[in-house]
file coords_22.tsv (TSV, C-alpha atoms and all ligand atoms)
chain	number	residue	atom	x	y	z
A	224	MET	CA	1.81	-5.59	22.61
A	225	PRO	CA	-1.09	-5.49	25.04
A	226	ILE	CA	-0.47	-3.31	28.05
A	227	TYR	CA	-2.80	-3.58	31.02
A	228	GLU	CA	-3.17	-1.00	33.72
A	229	GLY	CA	-5.83	0.13	36.10
A	230	ASP	CA	-7.46	3.46	35.43
A	231	PHE	CA	-9.33	5.78	37.77
A	232	SER	CA	-12.79	5.39	36.31
A	233	PRO	CA	-15.49	4.87	38.96
A	234	PRO	CA	-15.34	1.22	40.05
A	235	SER	CA	-18.38	-0.73	41.15
A	236	GLY	CA	-18.81	-2.33	44.57
A	237	ARG	CA	-18.25	-1.37	48.16
A	238	PHE	CA	-14.96	-0.35	49.76
A	239	ALA	CA	-13.83	-0.84	53.36
A	240	ILE	CA	-11.53	1.51	55.21
A	241	VAL	CA	-9.77	0.22	58.33
A	242	VAL	CA	-8.35	3.12	60.33
A	243	SER	CA	-6.32	3.22	63.54
A	244	ARG	CA	-7.20	5.53	66.47
A	245	PHE	CA	-3.56	5.76	67.61
A	246	ASN	CA	-2.20	9.18	66.56
A	247	ALA	CA	-5.79	10.14	65.75
A	248	LEU	CA	-4.91	13.72	64.85
A	249	VAL	CA	-3.06	12.27	61.87
A	250	THR	CA	-5.30	9.30	61.08
A	251	GLU	CA	-8.47	11.42	61.07
A	252	ALA	CA	-6.78	13.59	58.43
A	253	LEU	CA	-5.83	10.48	56.46
A	254	LEU	CA	-9.43	9.29	56.63
A	255	ALA	CA	-10.72	12.67	55.45
A	256	GLY	CA	-8.31	12.56	52.48
A	257	CYS	CA	-9.35	8.99	51.71
A	258	LEU	CA	-13.10	9.76	51.76
A	259	ASP	CA	-12.55	12.86	49.63
A	260	ALA	CA	-10.55	10.96	46.99
A	261	PHE	CA	-13.18	8.20	46.79
A	262	LYS	CA	-15.92	10.79	46.40
A	263	ARG	CA	-14.04	12.68	43.67
A	264	HIS	CA	-13.64	9.41	41.78
A	265	GLY	CA	-17.29	8.43	41.85
A	266	VAL	CA	-17.46	6.36	45.03
A	267	ASP	CA	-19.79	8.17	47.41
A	268	ASP	CA	-20.14	7.64	51.15
A	269	GLY	CA	-22.98	5.17	50.69
A	270	ARG	CA	-20.51	2.64	49.26
A	271	LEU	CA	-17.90	3.08	51.99
A	272	ASP	CA	-17.66	1.23	55.31
A	273	VAL	CA	-15.27	2.61	57.95
A	274	TYR	CA	-13.87	0.35	60.71
A	275	TRP	CA	-11.90	1.91	63.60
A	276	VAL	CA	-9.25	-0.17	65.40
A	277	PRO	CA	-7.07	0.72	68.44
A	278	GLY	CA	-3.67	0.86	66.71
A	279	SER	CA	-1.86	0.00	63.50
A	280	PHE	CA	-0.95	-3.39	64.93
A	281	GLU	CA	-4.66	-4.33	64.93
A	282	VAL	CA	-5.26	-3.20	61.35
A	283	PRO	CA	-4.28	-6.46	59.56
A	284	LEU	CA	-6.71	-8.72	61.43
A	285	ILE	CA	-9.74	-6.63	60.60
A	286	ALA	CA	-8.52	-6.04	57.05
A	287	ARG	CA	-8.08	-9.76	56.52
A	288	LYS	CA	-11.49	-10.63	57.99
A	289	LEU	CA	-13.12	-8.09	55.71
A	290	ALA	CA	-11.21	-9.27	52.66
A	291	GLU	CA	-12.13	-12.90	53.42
A	292	ALA	CA	-15.80	-12.01	53.84
A	293	GLY	CA	-15.92	-10.91	50.22
A	294	GLY	CA	-18.26	-7.95	50.59
A	295	HIS	CA	-15.77	-5.33	49.45
A	296	ALA	CA	-13.93	-4.73	46.19
A	297	ALA	CA	-10.90	-3.52	48.17
A	298	VAL	CA	-9.85	-2.72	51.73
A	299	VAL	CA	-7.90	0.45	52.49
A	300	CYS	CA	-5.78	0.45	55.66
A	301	LEU	CA	-4.91	3.74	57.36
A	302	GLY	CA	-2.66	4.30	60.36
A	303	CYS	CA	0.29	6.26	61.63
A	304	VAL	CA	3.40	4.91	63.34
A	305	ILE	CA	5.90	7.51	64.55
A	306	ARG	CA	9.36	6.33	65.53
A	307	GLY	CA	10.03	9.19	67.92
A	308	GLU	CA	7.25	8.04	70.20
A	309	THR	CA	7.81	4.34	70.60
A	310	GLY	CA	10.47	1.81	71.31
A	311	HIS	CA	8.54	-0.82	69.43
A	312	TYR	CA	8.19	1.20	66.24
A	313	ASP	CA	9.85	-1.49	64.16
A	314	HIS	CA	7.52	-4.19	65.45
A	315	VAL	CA	4.34	-2.19	64.99
A	316	ALA	CA	5.29	-0.79	61.59
A	317	GLY	CA	6.76	-4.06	60.31
A	318	GLN	CA	3.90	-6.25	61.47
A	319	ALA	CA	1.31	-3.83	60.11
A	320	ALA	CA	2.99	-3.86	56.69
A	321	GLY	CA	3.46	-7.64	56.66
A	322	GLY	CA	-0.06	-8.31	57.86
A	323	VAL	CA	-1.61	-6.07	55.26
A	324	LEU	CA	0.36	-7.73	52.48
A	325	GLN	CA	-0.59	-11.17	53.80
A	326	ALA	CA	-4.28	-10.19	53.88
A	327	ALA	CA	-4.12	-9.26	50.21
A	328	LEU	CA	-2.14	-12.30	49.08
A	329	THR	CA	-4.22	-14.85	50.99
A	330	THR	CA	-7.57	-13.47	49.83
A	331	GLY	CA	-6.87	-12.06	46.37
A	332	VAL	CA	-8.59	-8.83	47.40
A	333	PRO	CA	-6.59	-5.60	47.12
A	334	VAL	CA	-5.63	-4.52	50.64
A	335	ILE	CA	-3.94	-1.16	50.44
A	336	PHE	CA	-1.19	-0.02	52.82
A	337	GLY	CA	-1.95	3.55	53.80
A	338	VAL	CA	-0.11	3.39	57.10
A	339	LEU	CA	2.35	6.24	57.56
A	340	THR	CA	5.70	5.26	59.06
A	341	THR	CA	7.66	8.37	59.94
A	342	GLU	CA	10.44	9.61	62.18
A	343	THR	CA	8.55	12.65	63.49
A	344	VAL	CA	5.08	14.06	64.06
A	345	GLU	CA	5.89	16.82	61.58
A	346	GLN	CA	6.63	14.31	58.82
A	347	ALA	CA	3.37	12.52	59.59
A	348	LEU	CA	1.31	15.70	59.45
A	349	ASN	CA	2.99	16.72	56.20
A	350	ARG	CA	1.86	13.43	54.64
A	351	ALA	CA	-1.64	13.73	56.02
A	352	GLY	CA	-2.69	16.86	54.19
A	353	LEU	CA	-0.02	19.48	54.78
A	354	LYS	CA	3.14	19.89	52.69
A	355	ALA	CA	3.41	16.45	51.14
A	356	GLY	CA	-0.07	15.49	49.98
A	357	ASN	CA	-2.40	13.11	51.75
A	358	LYS	CA	-1.46	9.45	51.94
A	359	GLY	CA	-5.08	8.59	52.71
A	360	GLY	CA	-6.12	10.02	49.36
A	361	GLU	CA	-3.30	8.15	47.62
A	362	ALA	CA	-4.46	4.94	49.26
A	363	ALA	CA	-8.00	5.42	47.91
A	364	MET	CA	-6.54	5.97	44.44
A	365	ALA	CA	-4.44	2.83	44.73
A	366	ALA	CA	-7.56	0.86	45.70
A	367	ILE	CA	-9.47	2.12	42.66
A	368	GLU	CA	-6.53	1.45	40.34
A	369	MET	CA	-6.12	-2.10	41.63
A	370	VAL	CA	-9.83	-2.93	41.40
A	371	ASN	CA	-9.90	-1.69	37.80
A	372	LEU	CA	-6.72	-3.61	36.93
A	373	LEU	CA	-8.01	-6.83	38.50
A	374	ALA	CA	-11.12	-6.52	36.32
A	375	LYS	CA	-8.84	-6.74	33.26
A	376	LEU	CA	-6.99	-9.90	34.33
A	377	PRO	CA	-7.90	-13.28	32.88
A	378	GLY	CA	-9.88	-15.70	35.01
A	379	PRO	CA	-13.09	-15.56	37.01
A	380	LYS	CA	-14.29	-12.11	38.06
A	381	PRO	CA	-14.79	-11.41	41.78
B	401	LIG	N1	0.16	2.21	67.17
B	401	LIG	C1	0.16	3.05	66.11
B	401	LIG	O1	-0.71	2.95	65.25
B	401	LIG	N2	1.12	3.99	66.00
B	401	LIG	C2	2.12	4.15	66.93
B	401	LIG	O2	2.98	5.06	66.74
B	401	LIG	C3	2.11	3.29	68.05
B	401	LIG	N3	3.11	3.45	69.08
B	401	LIG	O3	3.73	4.51	69.16
B	401	LIG	O4	3.30	2.54	69.91
B	401	LIG	C4	1.11	2.31	68.15
B	401	LIG	N4	1.08	1.44	69.20
B	401	LIG	C5	-0.09	0.67	69.52
B	401	LIG	C6	-0.18	-0.63	68.74
B	401	LIG	O5	-0.55	-0.39	67.40
B	401	LIG	C7	-1.24	-1.54	69.35
B	401	LIG	O6	-2.49	-0.90	69.33
B	401	LIG	C8	-0.92	-1.97	70.78
B	401	LIG	O7	0.40	-2.49	70.88
B	401	LIG	C9	-1.93	-3.06	71.26
B	401	LIG	O8	-1.79	-4.25	70.48
call {"tool": "encode", "arguments": {"input": "coords_22.tsv", "output": "structure tokens", "more": "lines below"}}
Ligand code: INI
result
Amino acid sequence: MPIYEGDFSPPSGRFAIVVSRFNALVTEALLAGCLDAFKRHGVDDGRLDVYWVPGSFEVPLIARKLAEAGGHAAVVCLGCVIRGETGHYDHVAGQAAGGVLQAALTTGVPVIFGVLTTETVEQALNRAGLKAGNKGGEAAMAAIEMVNLLAKLPGPKP
């Protein structure tokens, strides 16, 4: 029985990272974790393009434009939405998630959801390099895994 999965061998191509300035203390840490994970898996800075946007709500548009343009093997989206600080948490978090998924499904390019959605600042910091790993690094790994899995699927190669 053939089993297909993406591995973490160094993929070819360029990668885009779309990162939100809102809650920058957290998102800068996510970006650092993301860049570090790419580097440790054979994708150096020269193959990475970083795009800053105002908030997580703006992430999907830029991610989709980049995915449509076709210059990147995958697009990683980083942001941080904290419920304690906003009445429109559900809108921002929900639309960011839906928009990122839509960008991937409409383009066929992996668009990775590395947007933290937490109740508190402490939870966000813990997931951005403190007690609970770094979601930015996990997002880079997911991008590499998806690019390598897509390369194994039947049909034309990107
Ligand atoms: N954007 C975030 O990325 N995180 C948040 O926690 C947040 N809060 O708290 O409101 C937030 N709001 C800004 C939003 O993403 C847009 O930039 C803004 O609404 C303009 O479209």
call {"tool": "closest_residue", "arguments": {"input": "coords_22.tsv", "among": "A:Thr329, A:Asn357, A:Ser235, A:Thr340", "to": "ligand LIG 401 (chain B)", "atoms": "all atoms listed in the file"}}
result
A:Thr340
call {"tool": "residues_near_ligand", "arguments": {"input": "coords_22.tsv", "ligand": "ligand LIG 401 (chain B)", "cutoff": "7 Å", "atoms": "all atoms listed in the file", "output": "PDB file with C-alpha atoms, in the frame of the given file"}}
result
ATOM      1  CA  SER A 243      -6.320   3.220  63.540  1.00  0.00           C
ATOM      2  CA  PHE A 245      -3.560   5.760  67.610  1.00  0.00           C
ATOM      3  CA  ASN A 246      -2.200   9.180  66.560  1.00  0.00           C
ATOM      4  CA  PRO A 277      -7.070   0.720  68.440  1.00  0.00           C
ATOM      5  CA  GLY A 278      -3.670   0.860  66.710  1.00  0.00           C
ATOM      6  CA  SER A 279      -1.860   0.000  63.500  1.00  0.00           C
ATOM      7  CA  PHE A 280      -0.950  -3.390  64.930  1.00  0.00           C
ATOM      8  CA  GLU A 281      -4.660  -4.330  64.930  1.00  0.00           C
ATOM      9  CA  GLY A 302      -2.660   4.300  60.360  1.00  0.00           C
ATOM     10  CA  CYS A 303       0.290   6.260  61.630  1.00  0.00           C
ATOM     11  CA  VAL A 304       3.400   4.910  63.340  1.00  0.00           C
ATOM     12  CA  ILE A 305       5.900   7.510  64.550  1.00  0.00           C
ATOM     13  CA  ARG A 306       9.360   6.330  65.530  1.00  0.00           C
ATOM     14  CA  GLU A 308       7.250   8.040  70.200  1.00  0.00           C
ATOM     15  CA  THR A 309       7.810   4.340  70.600  1.00  0.00           C
ATOM     16  CA  HIS A 311       8.540  -0.820  69.430  1.00  0.00           C
ATOM     17  CA  TYR A 312       8.190   1.200  66.240  1.00  0.00           C
ATOM     18  CA  VAL A 315       4.340  -2.190  64.990  1.00  0.00           C
TER      19      VAL A 315
END
call {"tool": "closest_residue", "arguments": {"input": "coords_22.tsv", "among": "A:Ala239, A:Leu253, A:Cys300, A:Val266", "to": "Lys358 of chain A", "atoms": "all atoms listed in the file"}}
result
A:Leu253
call {"tool": "atom_distance", "arguments": {"input": "coords_22.tsv", "atom1": "atom CA of Val332 of chain A", "atom2": "atom CA of Arg350 of chain A"}}
result
25.6 Å
call {"tool": "closest_residue", "arguments": {"input": "coords_22.tsv", "among": "A:Val282, A:Leu373, A:Val242, A:Ala247", "to": "Gln325 of chain A", "atoms": "only C-alpha atoms"}}
result
A:Val282
call {"tool": "closest_residue", "arguments": {"input": "coords_22.tsv", "among": "A:Glu291, A:Glu228, A:Asp259, A:Asp267", "to": "Val334 of chain A", "atoms": "all atoms listed in the file"}}
result
A:Glu291
call {"tool": "closest_residue", "arguments": {"input": "coords_22.tsv", "among": "A:Gly360, A:Gly317, A:Gly378, A:Gly337", "to": "Ala260 of chain A", "atoms": "all atoms listed in the file"}}
result
A:Gly360
call {"tool": "axis_aligned_box", "arguments": {"input": "coords_22.tsv", "around": "segment 354-361 of chain A", "padding_each_side": "4 Å", "output": "lines of an AutoDock Vina configuration file"}}
result
center_x = -1.4
center_y = 14.0
center_z = 50.2
size_x = 17.5
size_y = 19.7
size_z = 13.1
call {"tool": "residues_around", "arguments": {"input": "coords_22.tsv", "residues": "Gly356 of chain A", "least_positions_apart": "2", "cutoff": "12 Å", "atoms": "all atoms listed in the file", "output": "PyMOL selection string"}}
result
chain A and resi 252-253+256-257+260+346-354+358-362
call {"tool": "atom_distance", "arguments": {"input": "coords_22.tsv", "atom1": "atom CA of Pro233 of chain A", "atom2": "atom CA of Leu328 of chain A"}}
result
24.0 Å
call {"tool": "closest_residue", "arguments": {"input": "coords_22.tsv", "among": "A:Ala320, A:Val338, A:Met224, A:Ile367", "to": "Arg244 of chain A", "atoms": "all atoms listed in the file"}}
result
A:Val338
call {"tool": "atom_distance", "arguments": {"input": "coords_22.tsv", "atom1": "atom CA of Pro333 of chain A", "atom2": "atom CA of Met369 of chain A"}}
result
6.5 Å
call {"tool": "residues_around", "arguments": {"input": "coords_22.tsv", "residues": "His295 of chain A", "least_positions_apart": "4", "cutoff": "12 Å", "atoms": "only C-alpha atoms", "output": "JSON, numbers by chain"}}
result
{"A": [234, 235, 236, 237, 238, 239, 240, 270, 271, 272, 273, 286, 287, 288, 289, 290, 291, 299, 330, 331, 332, 333, 334, 366, 367, 370, 381]}
call {"tool": "write_last_selection", "arguments": {"input": "coords_22.tsv", "atoms": "C-alpha atoms", "output": "PDB file, keeping the file's coordinate frame"}}
result
ATOM      1  CA  PRO A 234     -15.340   1.220  40.050  1.00  0.00           C
ATOM      2  CA  SER A 235     -18.380  -0.730  41.150  1.00  0.00           C
ATOM      3  CA  GLY A 236     -18.810  -2.330  44.570  1.00  0.00           C
ATOM      4  CA  ARG A 237     -18.250  -1.370  48.160  1.00  0.00           C
ATOM      5  CA  PHE A 238     -14.960  -0.350  49.760  1.00  0.00           C
ATOM      6  CA  ALA A 239     -13.830  -0.840  53.360  1.00  0.00           C
ATOM      7  CA  ILE A 240     -11.530   1.510  55.210  1.00  0.00           C
ATOM      8  CA  ARG A 270     -20.510   2.640  49.260  1.00  0.00           C
ATOM      9  CA  LEU A 271     -17.900   3.080  51.990  1.00  0.00           C
ATOM     10  CA  ASP A 272     -17.660   1.230  55.310  1.00  0.00           C
ATOM     11  CA  VAL A 273     -15.270   2.610  57.950  1.00  0.00           C
ATOM     12  CA  ALA A 286      -8.520  -6.040  57.050  1.00  0.00           C
ATOM     13  CA  ARG A 287      -8.080  -9.760  56.520  1.00  0.00           C
ATOM     14  CA  LYS A 288     -11.490 -10.630  57.990  1.00  0.00           C
ATOM     15  CA  LEU A 289     -13.120  -8.090  55.710  1.00  0.00           C
ATOM     16  CA  ALA A 290     -11.210  -9.270  52.660  1.00  0.00           C
ATOM     17  CA  GLU A 291     -12.130 -12.900  53.420  1.00  0.00           C
ATOM     18  CA  VAL A 299      -7.900   0.450  52.490  1.00  0.00           C
ATOM     19  CA  THR A 330      -7.570 -13.470  49.830  1.00  0.00           C
ATOM     20  CA  GLY A 331      -6.870 -12.060  46.370  1.00  0.00           C
ATOM     21  CA  VAL A 332      -8.590  -8.830  47.400  1.00  0.00           C
ATOM     22  CA  PRO A 333      -6.590  -5.600  47.120  1.00  0.00           C
ATOM     23  CA  VAL A 334      -5.630  -4.520  50.640  1.00  0.00           C
ATOM     24  CA  ALA A 366      -7.560   0.860  45.700  1.00  0.00           C
ATOM     25  CA  ILE A 367      -9.470   2.120  42.660  1.00  0.00           C
ATOM     26  CA  VAL A 370      -9.830  -2.930  41.400  1.00  0.00           C
ATOM     27  CA  PRO A 381     -14.790 -11.410  41.780  1.00  0.00           C
TER      28      PRO A 381
END
call {"tool": "residues_around", "arguments": {"input": "coords_22.tsv", "residues": "Leu284 of chain A", "least_positions_apart": "5", "cutoff": "10 Å", "atoms": "all atoms listed in the file", "output": "VMD selection string"}}
result
chain A and resid 241 276 289 to 290 319 322 to 323 326
call {"tool": "write_last_selection", "arguments": {"input": "coords_22.tsv", "atoms": "C-alpha atoms", "output": "compact mmCIF listing (two decimals), in the frame of the given file"}}
result
# COMPACT_ATOMS: atom_id res chain seq x y z
CA VAL A 241 -9.77 0.22 58.33
CA VAL A 276 -9.25 -0.17 65.40
CA LEU A 289 -13.12 -8.09 55.71
CA ALA A 290 -11.21 -9.27 52.66
CA ALA A 319 1.31 -3.83 60.11
CA GLY A 322 -0.06 -8.31 57.86
CA VAL A 323 -1.61 -6.07 55.26
CA ALA A 326 -4.28 -10.19 53.88
call {"tool": "build_atoms", "arguments": {"input": "coords_22.tsv", "residues": "segment 260-283 of chain A", "atoms": "N, CA, C and O atoms", "output": "compact mmCIF listing (two decimals), in the frame of the given file"}}
result
# COMPACT_ATOMS: atom_id res chain seq x y z
N ALA A 260 -11.04 11.53 48.26
CA ALA A 260 -10.55 10.96 46.99
C ALA A 260 -11.56 9.97 46.42
O ALA A 260 -11.82 9.95 45.21
N PHE A 261 -12.15 9.13 47.29
CA PHE A 261 -13.18 8.20 46.79
C PHE A 261 -14.33 8.98 46.17
O PHE A 261 -14.79 8.66 45.07
N LYS A 262 -14.78 10.02 46.88
CA LYS A 262 -15.92 10.79 46.40
C LYS A 262 -15.60 11.43 45.05
O LYS A 262 -16.41 11.40 44.12
N ARG A 263 -14.41 12.01 44.92
CA ARG A 263 -14.04 12.68 43.67
C ARG A 263 -13.85 11.70 42.51
O ARG A 263 -13.75 12.10 41.36
N HIS A 264 -13.78 10.41 42.83
CA HIS A 264 -13.64 9.41 41.78
C HIS A 264 -14.88 8.53 41.67
O HIS A 264 -14.82 7.39 41.22
N GLY A 265 -16.00 9.08 42.12
CA GLY A 265 -17.29 8.43 41.85
C GLY A 265 -17.73 7.40 42.85
O GLY A 265 -18.70 6.68 42.61
N VAL A 266 -17.03 7.31 43.99
CA VAL A 266 -17.46 6.36 45.03
C VAL A 266 -17.97 7.18 46.21
O VAL A 266 -17.17 7.73 46.99
N ASP A 267 -19.28 7.30 46.34
CA ASP A 267 -19.79 8.17 47.41
C ASP A 267 -19.86 7.42 48.74
O ASP A 267 -19.65 6.21 48.81
N ASP A 268 -20.17 8.19 49.78
CA ASP A 268 -20.14 7.64 51.15
C ASP A 268 -20.99 6.39 51.34
O ASP A 268 -20.69 5.54 52.16
N GLY A 269 -22.06 6.31 50.56
CA GLY A 269 -22.98 5.17 50.69
C GLY A 269 -22.34 3.84 50.32
O GLY A 269 -22.87 2.79 50.65
N ARG A 270 -21.20 3.89 49.64
CA ARG A 270 -20.51 2.64 49.26
C ARG A 270 -19.23 2.42 50.06
O ARG A 270 -18.38 1.61 49.70
N LEU A 271 -19.10 3.19 51.15
CA LEU A 271 -17.90 3.08 51.99
C LEU A 271 -18.28 2.60 53.39
O LEU A 271 -19.27 3.06 53.96
N ASP A 272 -17.49 1.68 53.93
CA ASP A 272 -17.66 1.23 55.31
C ASP A 272 -16.36 1.52 56.05
O ASP A 272 -15.28 1.11 55.60
N VAL A 273 -16.46 2.22 57.18
CA VAL A 273 -15.27 2.61 57.95
C VAL A 273 -15.21 1.79 59.25
O VAL A 273 -16.20 1.72 59.99
N TYR A 274 -14.08 1.17 59.51
CA TYR A 274 -13.87 0.35 60.71
C TYR A 274 -12.70 0.94 61.50
O TYR A 274 -11.58 1.00 60.99
N TRP A 275 -12.96 1.37 62.74
CA TRP A 275 -11.90 1.91 63.60
C TRP A 275 -11.28 0.79 64.44
O TRP A 275 -12.01 -0.04 64.99
N VAL A 276 -9.96 0.79 64.55
CA VAL A 276 -9.25 -0.17 65.40
C VAL A 276 -8.33 0.61 66.35
O VAL A 276 -8.03 1.78 66.09
N PRO A 277 -7.86 -0.04 67.45
CA PRO A 277 -7.07 0.72 68.44
C PRO A 277 -5.76 1.27 67.88
O PRO A 277 -5.41 2.42 68.11
N GLY A 278 -4.98 0.42 67.21
CA GLY A 278 -3.67 0.86 66.71
C GLY A 278 -3.35 0.17 65.40
O GLY A 278 -4.08 -0.73 64.95
N SER A 279 -2.24 0.57 64.80
CA SER A 279 -1.86 0.00 63.50
C SER A 279 -1.62 -1.50 63.58
O SER A 279 -1.80 -2.22 62.59
N PHE A 280 -1.20 -1.96 64.76
CA PHE A 280 -0.95 -3.39 64.93
C PHE A 280 -2.23 -4.20 64.73
O PHE A 280 -2.18 -5.38 64.32
N GLU A 281 -3.37 -3.62 65.04
CA GLU A 281 -4.66 -4.33 64.93
C GLU A 281 -5.26 -4.24 63.53
O GLU A 281 -6.25 -4.93 63.22
N VAL A 282 -4.68 -3.42 62.68
CA VAL A 282 -5.26 -3.20 61.35
C VAL A 282 -5.34 -4.50 60.52
O VAL A 282 -6.37 -4.79 59.92
N PRO A 283 -4.25 -5.30 60.46
CA PRO A 283 -4.28 -6.46 59.56
C PRO A 283 -5.38 -7.47 59.84
O PRO A 283 -5.95 -8.04 58.91
